>>> print(open('work-v1.csv').read())   # CSV, C-alpha atoms
chain,number,residue,atom,x,y,z
A,402,MET,CA,-27.7,2.9,26.0
A,403,ALA,CA,-26.5,0.2,23.7
A,404,ALA,CA,-22.7,-0.1,23.1
A,405,ALA,CA,-21.5,1.0,19.8
A,406,LYS,CA,-20.9,-1.8,17.3
A,407,PRO,CA,-17.2,-2.3,16.4
A,408,ALA,CA,-16.3,-1.4,12.8
A,409,SER,CA,-16.5,-4.3,10.4
A,410,ALA,CA,-13.2,-6.0,9.8
A,411,LYS,CA,-11.9,-5.6,6.3
A,412,ALA,CA,-12.4,-8.8,4.3
A,413,PRO,CA,-9.1,-10.7,4.0
A,414,GLY,CA,-7.2,-10.1,0.9
A,415,TYR,CA,-5.9,-12.7,-1.5
A,416,LYS,CA,-3.2,-13.1,-4.1
A,417,LEU,CA,-3.7,-15.3,-7.1
A,418,ALA,CA,-1.0,-18.0,-7.7
A,419,THR,CA,-0.3,-21.2,-9.6
A,420,TYR,CA,1.0,-24.0,-7.4
A,421,LYS,CA,2.3,-27.5,-8.1
A,422,SER,CA,-0.1,-30.3,-7.0
A,423,SER,CA,-0.5,-34.0,-7.6
A,424,GLU,CA,-3.1,-33.0,-10.3
A,425,GLY,CA,-0.6,-30.8,-12.0
A,426,PRO,CA,-0.5,-27.0,-11.9
A,427,ARG,CA,-3.5,-25.5,-10.1
A,428,ALA,CA,-4.7,-22.0,-9.4
A,429,GLY,CA,-4.5,-21.1,-5.8
A,430,LEU,CA,-5.6,-18.3,-3.6
A,431,VAL,CA,-2.9,-17.2,-1.1
A,432,ILE,CA,-4.7,-16.0,2.0
A,433,GLY,CA,-2.5,-15.1,4.9
A,434,GLU,CA,0.0,-18.0,5.2
A,435,GLU,CA,-2.1,-20.6,3.4
A,436,VAL,CA,-2.7,-21.6,-0.2
A,437,PHE,CA,-6.2,-22.7,-1.1
A,438,ASP,CA,-7.3,-24.5,-4.2
A,439,ALA,CA,-9.2,-21.8,-6.1
A,440,ALA,CA,-11.6,-24.1,-7.9
A,441,LYS,CA,-12.5,-26.0,-4.7
A,442,LEU,CA,-12.8,-22.9,-2.5
A,443,THR,CA,-15.1,-21.1,-5.0
A,444,GLY,CA,-16.9,-24.2,-6.2
A,445,LYS,CA,-16.1,-23.3,-9.8
A,446,PRO,CA,-14.3,-26.0,-11.8
A,447,ALA,CA,-13.2,-23.5,-14.5
A,448,TYR,CA,-11.1,-21.7,-11.8
A,449,ALA,CA,-8.7,-24.7,-11.7
A,450,SER,CA,-6.2,-22.5,-13.7
A,451,VAL,CA,-5.3,-18.9,-13.5
A,452,MET,CA,-6.0,-18.5,-17.1
A,453,GLY,CA,-9.5,-19.9,-16.5
A,454,ILE,CA,-10.0,-17.2,-13.8
A,455,VAL,CA,-8.6,-14.4,-15.8
A,456,ALA,CA,-10.8,-15.3,-18.7
A,457,ASP,CA,-13.8,-14.7,-16.5
A,458,TRP,CA,-12.2,-11.8,-14.6
A,459,LYS,CA,-15.3,-9.5,-14.5
A,460,ALA,CA,-17.2,-12.2,-12.5
A,461,ALA,CA,-14.2,-13.9,-10.9
A,462,GLU,CA,-12.9,-10.9,-9.0
A,463,GLY,CA,-16.1,-10.8,-6.9
A,464,ALA,CA,-16.2,-14.6,-6.5
A,465,LEU,CA,-12.6,-14.7,-5.3
A,466,ARG,CA,-13.2,-11.9,-2.8
A,467,LYS,CA,-16.3,-13.7,-1.4
A,468,ALA,CA,-14.4,-17.0,-1.2
A,469,ALA,CA,-11.5,-15.4,0.6
A,470,ALA,CA,-13.8,-13.9,3.2
A,471,GLY,CA,-15.1,-17.3,4.0
A,472,ALA,CA,-11.9,-19.2,3.7
A,473,ALA,CA,-11.2,-19.6,7.4
A,474,LYS,CA,-14.4,-21.6,7.9
A,475,SER,CA,-14.1,-23.5,4.6
A,476,ARG,CA,-13.3,-27.2,4.3
A,477,ALA,CA,-11.6,-26.6,1.0
A,478,LYS,CA,-8.2,-28.0,0.3
A,479,ARG,CA,-5.3,-25.9,1.6
A,480,GLN,CA,-1.6,-26.1,2.4
A,481,PRO,CA,0.9,-23.9,4.3
A,482,LEU,CA,2.4,-21.3,2.0
A,483,LYS,CA,5.9,-22.2,3.2
A,484,LYS,CA,5.4,-25.7,1.9
A,485,ALA,CA,3.8,-24.8,-1.4
A,486,LYS,CA,5.7,-25.0,-4.7
A,487,LEU,CA,4.7,-21.8,-6.5
A,488,LEU,CA,5.0,-21.8,-10.3
A,489,ALA,CA,4.8,-19.0,-12.8
A,490,PRO,CA,1.3,-17.5,-12.1
A,491,ILE,CA,0.5,-17.3,-15.8
A,492,GLN,CA,0.8,-20.6,-17.8
A,493,GLY,CA,0.2,-21.1,-21.5
A,494,SER,CA,0.3,-19.2,-24.8
A,495,VAL,CA,0.0,-15.5,-24.0
A,496,ALA,CA,1.5,-12.4,-25.5
A,497,ILE,CA,4.3,-10.8,-23.6
A,498,TYR,CA,4.8,-7.2,-24.5
A,499,CYS,CA,7.9,-5.5,-23.1
A,500,ALA,CA,8.4,-1.7,-23.0
A,501,GLY,CA,11.7,-0.5,-24.4
A,502,ALA,CA,13.8,2.3,-22.8
A,503,ASN,CA,11.0,3.4,-20.5
A,504,TYR,CA,13.0,4.9,-17.7
A,505,ALA,CA,14.9,8.1,-18.3
A,506,ASP,CA,17.8,7.2,-16.1
A,507,HIS,CA,18.3,3.8,-17.8
A,508,ALA,CA,18.0,5.4,-21.3
A,509,ALA,CA,20.6,8.0,-20.4
A,510,ALA,CA,23.0,5.4,-18.9
A,511,MET,CA,22.7,3.2,-22.0
A,512,ALA,CA,23.3,6.2,-24.3
A,513,ALA,CA,26.3,7.2,-22.3
A,514,ARG,CA,27.7,3.6,-22.7
A,515,GLU,CA,27.5,4.2,-26.5
A,516,GLY,CA,29.1,7.7,-26.1
A,517,ASN,CA,25.8,9.5,-26.9
A,518,PRO,CA,24.1,12.3,-25.0
A,519,PRO,CA,21.0,11.6,-22.9
A,520,PRO,CA,17.9,11.2,-25.1
A,521,PRO,CA,15.2,13.9,-24.8
A,522,ASP,CA,11.8,13.1,-23.2
A,523,PRO,CA,9.9,11.2,-25.9
A,524,HIS,CA,6.8,13.1,-25.1
A,525,ASP,CA,8.5,16.3,-26.2
A,526,GLN,CA,9.2,14.6,-29.6
A,527,GLY,CA,5.6,13.5,-30.0
A,528,LEU,CA,6.6,9.9,-29.7
A,529,LYS,CA,4.6,7.0,-28.4
A,530,PRO,CA,5.6,4.0,-26.2
A,531,PHE,CA,7.3,1.2,-28.1
A,532,HIS,CA,7.5,-2.5,-27.2
A,533,PHE,CA,9.2,-5.8,-28.3
A,534,LEU,CA,7.9,-9.3,-27.7
A,535,LYS,CA,9.0,-12.3,-25.7
A,536,ALA,CA,7.6,-15.8,-26.6
A,537,PRO,CA,5.4,-17.6,-24.1
A,538,GLY,CA,8.1,-20.2,-23.6
A,539,THR,CA,10.3,-17.7,-21.9
A,540,LEU,CA,8.2,-17.7,-18.7
A,541,ALA,CA,10.0,-19.1,-15.7
A,542,ASP,CA,8.9,-20.1,-12.2
A,543,PRO,CA,9.9,-18.2,-9.0
A,544,GLY,CA,12.9,-20.1,-7.7
A,545,ALA,CA,13.7,-21.8,-11.0
A,546,THR,CA,17.3,-22.2,-12.1
A,547,ILE,CA,18.0,-20.4,-15.4
A,548,GLY,CA,20.6,-21.9,-17.8
A,549,ILE,CA,22.7,-19.0,-19.2
A,550,SER,CA,26.4,-20.1,-19.4
A,551,HIS,CA,25.9,-22.1,-22.6
A,552,TYR,CA,24.0,-19.2,-24.3
A,553,ALA,CA,25.5,-15.9,-23.5
A,554,LYS,CA,28.5,-14.3,-21.9
A,555,ALA,CA,26.8,-10.9,-21.3
A,556,MET,CA,23.6,-11.9,-19.5
A,557,ASP,CA,21.9,-8.9,-17.9
A,558,TRP,CA,19.1,-8.4,-15.3
A,559,GLU,CA,16.1,-6.1,-15.6
A,560,ILE,CA,13.5,-5.8,-12.9
A,561,GLU,CA,10.1,-4.8,-14.3
A,562,LEU,CA,6.5,-4.3,-13.1
A,563,ALA,CA,4.3,-6.7,-15.0
A,564,ALA,CA,0.6,-6.1,-15.6
A,565,VAL,CA,-1.8,-8.9,-16.4
A,566,ILE,CA,-4.7,-8.0,-18.8
A,567,GLY,CA,-8.1,-9.0,-17.4
A,568,ARG,CA,-10.5,-8.4,-20.3
A,569,PRO,CA,-10.3,-7.9,-24.1
A,570,ALA,CA,-8.9,-4.4,-24.9
A,571,ILE,CA,-8.8,-2.7,-28.2
A,572,ASP,CA,-8.4,1.0,-29.0
A,573,VAL,CA,-8.6,1.8,-25.3
A,574,PRO,CA,-8.0,5.4,-24.3
A,575,LYS,CA,-5.4,5.9,-21.5
A,576,GLU,CA,-8.1,7.4,-19.2
A,577,LYS,CA,-9.8,4.0,-19.1
A,578,ALA,CA,-6.8,1.7,-19.6
A,579,LEU,CA,-6.2,0.6,-16.0
A,580,ALA,CA,-9.8,-0.8,-15.9
A,581,TYR,CA,-8.6,-3.6,-18.2
A,582,VAL,CA,-5.8,-4.8,-15.8
A,583,ALA,CA,-6.6,-7.8,-13.6
A,584,GLY,CA,-3.4,-7.5,-11.5
A,585,TYR,CA,0.3,-7.1,-11.1
A,586,MET,CA,3.4,-9.3,-10.7
A,587,ALA,CA,7.2,-8.9,-10.5
A,588,ALA,CA,9.2,-9.8,-13.6
A,589,ASN,CA,12.8,-10.1,-14.7
A,590,ASP,CA,13.5,-9.3,-18.3
A,591,LEU,CA,16.7,-11.3,-18.6
A,592,SER,CA,18.7,-10.0,-21.6
A,593,ALA,CA,21.5,-11.6,-23.6
A,594,ARG,CA,23.4,-8.4,-24.5
A,595,ASP,CA,26.0,-10.2,-26.6
A,596,ARG,CA,23.2,-11.7,-28.8
A,597,GLY,CA,21.6,-8.3,-29.5
A,598,ARG,CA,23.6,-7.4,-32.5
A,599,ARG,CA,24.1,-9.5,-35.6
A,600,ASP,CA,27.7,-10.1,-36.6
A,601,GLY,CA,28.7,-9.1,-40.1
A,602,VAL,CA,26.0,-6.5,-40.4
A,603,ALA,CA,27.0,-2.8,-40.6
A,604,PRO,CA,26.4,-0.8,-37.4
A,605,THR,CA,24.3,1.7,-39.3
A,606,SER,CA,22.1,-1.0,-40.9
A,607,PRO,CA,18.4,-1.1,-39.7
A,608,PHE,CA,18.9,-4.9,-39.7
A,609,LYS,CA,21.7,-4.9,-37.2
A,610,MET,CA,19.6,-5.6,-34.1
A,611,ASP,CA,18.4,-9.1,-33.2
A,612,TRP,CA,15.7,-8.6,-30.6
A,613,LEU,CA,14.6,-12.2,-30.8
A,614,LYS,CA,17.8,-13.9,-29.6
A,615,HIS,CA,18.6,-10.9,-27.4
A,616,LYS,CA,15.3,-11.2,-25.4
A,617,THR,CA,13.7,-14.5,-26.2
A,618,PHE,CA,15.4,-17.7,-24.8
A,619,GLU,CA,14.4,-20.4,-22.4
A,620,GLY,CA,13.7,-19.0,-19.0
A,621,SER,CA,14.3,-15.4,-19.9
A,622,CYS,CA,11.2,-14.1,-18.2
A,623,PRO,CA,10.9,-15.2,-14.5
A,624,ILE,CA,7.6,-13.9,-13.1
A,625,GLY,CA,5.7,-14.1,-9.8
A,626,PRO,CA,5.4,-14.9,-7.1
A,627,TRP,CA,1.7,-14.3,-7.6
A,628,ILE,CA,-0.8,-11.9,-9.1
A,629,VAL,CA,-1.9,-9.1,-6.8
A,630,PRO,CA,-5.4,-7.9,-7.9
A,631,ALA,CA,-5.4,-4.5,-9.4
A,632,SER,CA,-8.0,-3.4,-6.9
A,633,ASP,CA,-5.4,-3.7,-4.2
A,634,ILE,CA,-2.9,-1.5,-6.1
A,635,PRO,CA,-4.9,1.6,-7.2
A,636,ASP,CA,-1.9,3.4,-8.6
A,637,PRO,CA,0.8,1.3,-10.3
A,638,GLN,CA,2.9,4.4,-10.8
A,639,LYS,CA,3.8,4.5,-7.1
A,640,LEU,CA,5.7,1.2,-6.4
A,641,GLY,CA,9.2,0.8,-5.2
A,642,LEU,CA,11.5,-1.6,-7.2
A,643,LYS,CA,14.7,-3.3,-6.0
A,644,LEU,CA,17.0,-5.9,-7.5
A,645,TRP,CA,19.9,-7.7,-5.9
A,646,VAL,CA,22.7,-9.9,-7.4
A,647,ASN,CA,24.2,-12.1,-4.7
A,648,GLY,CA,22.9,-9.8,-2.1
A,649,GLU,CA,24.3,-6.6,-3.7
A,650,LEU,CA,21.7,-4.0,-4.5
A,651,LYS,CA,21.9,-3.2,-8.2
A,652,GLN,CA,18.6,-1.5,-9.0
A,653,ASP,CA,16.7,0.7,-6.6
A,654,SER,CA,13.9,2.9,-8.1
A,655,ASN,CA,10.2,3.6,-8.3
A,656,THR,CA,7.6,3.1,-11.0
A,657,ALA,CA,6.9,6.8,-10.7
A,658,LYS,CA,10.0,7.3,-12.8
A,659,MET,CA,8.6,5.6,-16.0
A,660,LEU,CA,8.6,7.8,-19.1
A,661,PHE,CA,5.3,6.3,-20.3
A,662,THR,CA,2.8,5.2,-17.7
A,663,LEU,CA,1.2,1.8,-17.9
A,664,ALA,CA,-2.0,3.5,-19.0
A,665,GLU,CA,-0.2,5.1,-21.9
A,666,GLN,CA,1.3,1.8,-22.8
A,667,ILE,CA,-2.0,0.0,-22.9
A,668,GLU,CA,-3.4,2.8,-25.1
A,669,GLN,CA,-0.6,2.4,-27.6
A,670,LEU,CA,-0.5,-1.4,-27.6
A,671,SER,CA,-4.3,-1.6,-28.1
A,672,VAL,CA,-4.4,0.5,-31.2
A,673,ASN,CA,-6.0,-1.7,-33.8
A,674,MET,CA,-4.9,-4.7,-31.7
A,675,THR,CA,-6.8,-6.7,-29.1
A,676,LEU,CA,-5.1,-7.4,-25.9
A,677,HIS,CA,-6.5,-10.7,-24.4
A,678,PRO,CA,-7.0,-11.9,-20.9
A,679,GLY,CA,-3.7,-13.3,-19.5
A,680,ASP,CA,-1.5,-11.2,-21.8
A,681,LEU,CA,1.4,-9.5,-20.0
A,682,ILE,CA,2.9,-6.1,-20.2
A,683,LEU,CA,6.4,-5.6,-18.8
A,684,THR,CA,6.6,-1.9,-18.2
A,685,GLY,CA,10.4,-1.2,-18.5
A,686,THR,CA,13.4,-1.2,-16.2
A,687,PRO,CA,15.3,1.6,-14.4
A,688,SER,CA,19.0,2.2,-14.2
A,689,GLY,CA,21.4,-0.2,-12.6
A,690,THR,CA,21.5,-2.9,-15.2
A,691,GLY,CA,24.7,-4.8,-16.0
A,692,ALA,CA,25.0,-3.2,-19.4
A,693,GLU,CA,25.5,0.2,-17.9
A,694,SER,CA,28.6,-0.9,-16.0
A,695,GLY,CA,29.8,-3.8,-18.2
A,696,THR,CA,29.1,-6.3,-15.4
A,697,PHE,CA,27.1,-9.4,-16.2
A,698,LEU,CA,25.6,-12.5,-14.7
A,699,LYS,CA,27.6,-15.7,-14.4
A,700,ARG,CA,27.0,-19.3,-13.4
A,701,GLY,CA,26.0,-19.5,-9.7
A,702,ASP,CA,24.7,-16.0,-9.4
A,703,VAL,CA,21.4,-15.4,-7.5
A,704,VAL,CA,19.1,-12.7,-8.6
A,705,LYS,CA,16.4,-11.4,-6.3
A,706,ILE,CA,13.8,-8.9,-7.3
A,707,TRP,CA,11.2,-7.1,-5.1
A,708,ILE,CA,8.3,-4.9,-5.9
A,709,GLU,CA,6.4,-2.9,-3.2
A,710,LYS,CA,2.9,-4.3,-2.4
A,711,ILE,CA,3.6,-7.4,-4.6
A,712,GLY,CA,6.5,-9.4,-3.2
A,713,GLU,CA,9.7,-11.0,-4.3
A,714,ILE,CA,11.2,-13.8,-6.4
A,715,GLU,CA,14.6,-15.3,-6.6
A,716,ASN,CA,16.4,-17.2,-9.4
A,717,ARG,CA,19.8,-18.9,-9.7
A,718,MET,CA,21.8,-18.7,-12.8
A,719,ALA,CA,23.4,-21.9,-14.1
>>> encode(input="work-v1.csv", output="structure tokens")
Amino acid sequence: MAAAKPASAKAPGYKLATYKSSEGPRAGLVIGEEVFDAAKLTGKPAYASVMGIVADWKAAEGALRKAAAGAAKSRAKRQPLKKAKLLAPIQGSVAIYCAGANYADHAAAMAAREGNPPPPDPHDQGLKPFHFLKAPGTLADPGATIGISHYAKAMDWEIELAAVIGRPAIDVPKEKALAYVAGYMAANDLSARDRGRRDGVAPTSPFKMDWLKHKTFEGSCPIGPWIVPASDIPDPQKLGLKLWVNGELKQDSNTAKMLFTLAEQIEQLSVNMTLHPGDLILTGTPSGTGAESGTFLKRGDVVKIWIEKIGEIENRMA
């Protein structure tokens, strides 16, 4: 009687990164403890950049899986992960949509800070998700030093799950929304709280808030360390989130606590508006931010964020 054949080993997974090379930023596949040049491993020159890959995501996902499965025997260029200089995975002019007040505990804490009662569940009020924008120039590399001391005295941290759009999406129902996601990253929505309100404008004025200078400044959106394919994270609403400042745990939550799910956010964002490959959606932050306690970042502080199944990034303030 023939011996039973062993079960087939699962094909090695990969993570999609951008790394620094002598040729400039290049797309890389992180496989185990090595980084492979994506274009050379797949034989597709257009895959030299992550944006080139994401623009072809429908075909690219299969090509990358196939390349990862044969990487061990490939002669393609590679380097040890520990020696690679990882950059922000997404490079270039993309839209960065950021969810506002999307965790009940954070919304309640911010309301309490203003002397107000906890806001009701927006679903009960018939409300939809709302977002603000960050400029593409806010994207920062894992490990980058972020200049804050010249800009704001009340710089806050906000860990967020970031979703990367993988194909054009317009008027997408929530039931189909996650099919438009290429993958996920960790992000820090750095916020200059003392730049959020305009001086000399009445508190009751609809023009009091300055979302641009509050949220959009050089380095205010560190992302990374790589993109984990959406197929490896079937449910983005079940991921642990942690943020530390100088080793002290400040935020400890789970994406299950979002008020509006990622699918609901994509549905709302895509109403009469095309989301393009490479666009980012930052899905909101839980409680534990500096604004809730009146404690803010200062020069020399180190912020580390971690998201389950994705990884961690760290940035120093200067």
>>> closest_residue(input="work-v1.csv", among="A:Ala580, A:Arg427, A:Phe618, A:Glu462", to="Pro446 (chain A)", atoms="only C-alpha atoms")
A:Arg427
>>> residues_around(input="work-v1.csv", residues="Ser694 (chain A)", least_positions_apart="5", cutoff="10 Å", atoms="only C-alpha atoms", output="PyMOL selection string")
chain A and resi 510-511+514+689
>>> write_last_selection(input="work-v1.csv", atoms="C-alpha atoms", output="PDB file, in the coordinates of the input")
ATOM      1  CA  ALA A 510      23.000   5.400 -18.900  1.00  0.00           C
ATOM      2  CA  MET A 511      22.700   3.200 -22.000  1.00  0.00           C
ATOM      3  CA  ARG A 514      27.700   3.600 -22.700  1.00  0.00           C
ATOM      4  CA  GLY A 689      21.400  -0.200 -12.600  1.00  0.00           C
TER       5      GLY A 689
END
>>> residues_around(input="work-v1.csv", residues="region 430-432 of chain A", least_positions_apart="3", cutoff="9 Å", atoms="only C-alpha atoms", output="list in words")
Pro413, Gly414, Tyr415, Lys416, Leu417, Ala418, Thr419, Glu435, Val436, Phe437, Asp438, Ala439, Leu442, Leu465, Ala469, Ala472, Leu482 and Trp627 of chain A
>>> atom_distance(input="work-v1.csv", atom1="CA of His677 (chain A)", atom2="CA of Ala583 (chain A)")
11.2 Å
>>> closest_residue(input="work-v1.csv", among="A:His507, A:Lys575, A:Arg598, A:Arg466", to="Gln652 (chain A)", atoms="only C-alpha atoms")
A:His507
